[in-house]
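Have a look at the structure below, then the notes.
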Amino acid sequence: MINIRGYAGGGASRIKPTLKTWRPQHYSAKTEIDLNLKTLRARAADLVKNSAVGSAIVETLTAGVIGSGLKLFPRPDALTLGLSVEEARAWSRRVKAEFNLWAGEAMSCDFLKRNTFAELQAIVFRSYLTEGDSFVLFKRRQSARERPYTLRLQAVEANRISTPNLPDSGVEVSRGNNRIVNGIEVDGSGALIAIWVANRLMEPNDIGGALEWQRVLWRGRRTGRENILHICNDLRPAQYRGVPVLTPIIESLKQISRYADAELSAAIVRSFFSVFFIQPANNHSLNEMLDEELDVSEYKLGSATIAALPRGVDVKAIDAGNTQSTFDQFSAHFLTQIAAAVNLPREVILKAFNASYSASRAALLQAEGEFRIRRARFITDFLKPIYEQFLLEAVSLGRVDAPGFFSEPLIRQAWSAADWYAERTNAIDPLKSAQGMKLALDSGLTTYRKELAESAGLDFDDVIEQLKQERSLLREVNNGDL
């Protein structure tokens with residue numbers, strides 16, 4: 001009698017008929033990701049460009065997480081810095097104005113002078129979803145009177161970060177005591193050292209001339225500050241590159257896309273009115289019955305048209321419009337599984353809310369939960385370090401006063417504290433949402449600052465000042481009454 005212990009009697013069984021032929025292998029991140037990343041990226045990018053559902057997933061996540069751009073709300077730690085509430089508010093407004101001076105114009109923040117900071121957020125995040133990760137380099141340009149800051153951002157597509165002269169069968173090369181793994185250079189312990197940026201892709205047909213690489217240190221030698229931002233969601237230890245968000249559903253998306261194309265072609269065929277010429281009963285060919293060759297192209301269907309047929313020839317019409325299709329039922333079930341794989345409700349991806357109010361609201365709330373998780377990661381990987389770099393330059397230039405900023409890390413952290421908010425998606429029932437917001441405010445579960453930022457992208461201080469002006473004008477018009 002075989003003594004079966006633990007999982008060997010269940011999921012690890014090698015003798016059960018349903019499992020004995022199922023023996024998958026689990027390899028390292030290097031083997032499973034780096035060896036296959038080129039193919040994964042190409043297929044995911046093709047689905048985003050040419051598949052309706054693939055594009056909808058990426059655009060839904062981008063719109064939900066980034067929206068029109070996450071907005072900065074400085075929030076210095078007044079208690080640690082010994083600031084009064086009014087001093088902290090005044091400092092925050094000053095920093096926000098300086099940041100908007102830099103972020104609001106493409107010439108000021110984009111190294112390529114093409115996009116504002118809000119637009120760069122969407123570009124970088126969309127690239128991260130499509131290719132698995134994305135990179136941003138900190139660059140500098142000469143300051144000017146109207147553009148006092150030198151800080152610039154250069155977004156780089158993930159597939160340009162590659163290993164120089166990598167053999168087709170390999171995933172890494174050695175460089176002294178370091179290793180270059182898929183464009184990421186690490187030391188002997190696996191810590192990040194640099195990236196290698198190619199001037200074009202390692203594809204023979206890609207435009208850009210001869211392949212050249214530039215080595216960019218992860219951190220500056222003198223300052224220790226970051227030179228590179230890597231937007232990536234690691235799923236495993238010792239993972240250096242990310243995988244596209246569509247990776248688990250690439251095959252499913254391609255199959256349903258093919259099915260949709262086939263169903264569309266079938267629908268077009270079913271819309272035709274087909275006519276067949278019937279041979280006479282004597283089995284003679286049509287041309288034998290006629291004195292000349294029969295040109296079938298002369299006989300066409302048209303509006304209010306009567307065509308004369310050869311003697312003894314009949315026609316038969318085929319109506320293909322009654323063919324039944326199960327496309328709607330099948331695709332709905334299949335898309336539900338696809339949506340679950342990316343942690344989004346099917347209704348949100350397809351923008352089709354055909355269920356009850358409660359079901360639609362539940363779908364939106366579930367999607368908002370996913371948006372918040374991804375937004376928090378993006379803030380940590382992208383927005384927070386950029387704001388810290390900006391603030392460092394602002395203080396260095398004397399445009400922002402922050403005593404102790406360069407002398408004590410804890411003080412610098414207190415000055416650099418900030419919140420980032422994206423405008424909330426439209427509510428199904430604005431009245432209920434407003435009532436819920438008011439109840440949360442009255443109960444102390446949220447703040448006016450947070451609700452104004454998320455609901456309309458507004459700053460609490462700006463709203464208070466505007467309300468003061470408006471109410472003062474109303475009192476003048478109404479003789480003291482609001």
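Residues are named by chain letter and number: chains run A, B, ... in the order of the structure tokens, numbers start at 1 in each chain, and ligands are numbered from 1 in the order shown.
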
Within 9 Å of A:Thr80, counting only C-alpha atoms, which residues qualify if same-chain residues fewer than 6 places away don't, as a VMD selection string? chain A and resid 410 to 411 414

Among the residues of stretch 359-444 of chain A, find those DSSP assigns to strand (DSSP E) from the backbone and print them as a list in words. Ala418, Asp419, Trp420 and Tyr421 of chain A

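Nearest to A:Ile250 of all the residues A:Ile193, A:Leu19, A:Ile338, A:Ala8 is A:Ile338, counting only C-alpha atoms.
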
Can you pull out every residue within 12 Å of A:Thr60, counting only C-alpha atoms, but drop anything in the same chain fewer than 6 positions away, and send it as a PyMOL selection string? chain A and resi 48+52-54+66-67+122+125-126+129+339+342-351+364+367-368+370-371+425

Determine, for each residue of stretch 34-120 of chain A having at least one atom at most 10 Å from an atom of stretch 170-187 of chain A, the closest pair of atoms and their separation in Å to one decimal, counting only C-alpha atoms; order by chain and ascending number, as a tab-separated table.
```
residue	atom	partner	partner_atom	distance
A:Asp34	CA	A:Val171	CA	6.2
A:Leu35	CA	A:Val171	CA	6.1
A:Asn36	CA	A:Val171	CA	9.6
A:Leu37	CA	A:Asn182	CA	9.2
```

Counting only C-alpha atoms, the option among A:Trp415, A:Ser252, A:Ile57, A:Tyr149 closest to A:Gly398: A:Tyr149

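You can rank A:Arg219, A:Arg160, A:Arg225, A:Lys96 by their closest distance to A:Ala394 using only C-alpha atoms, and at the top of that list sits A:Lys96.
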
Across A:Glu157, A:Asp459, A:Asp419, A:Glu393, the smallest distance to A:Leu201, with only C-alpha atoms counted, is shown by A:Glu157

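Our summary of the geometry notes that atom CA of A:Gly436 is positioned 14.2 Å from atom CA of A:Lys450.
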
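The residue that comes closest to A:Asp462, out of A:Ala194, A:Pro164, A:Arg89, A:Ala376 and on the basis of only C-alpha atoms, is A:Arg89.
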
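Note that atom CA of A:Glu263 and atom CA of A:Ala332 are 14.4 Å apart.
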
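If only C-alpha atoms are the atoms counted, then among A:Ser108, A:Ser189, A:Asn227, A:Ser433 the closest residue to A:Gln142 is A:Ser108.
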
Using atom CA of A:Val395 and atom CA of A:Lys113 as the two end points, give the distance in Å to one decimal. 24.1 Å

DSSP on the backbone, alpha helix (DSSP H) only: what residues of stretch 302-454 of chain A does that give? Format it as an NGL selection string. :A and (327-341 or 346-350 or 357-378 or 384-396 or 409-416 or 430-442 or 448-454)
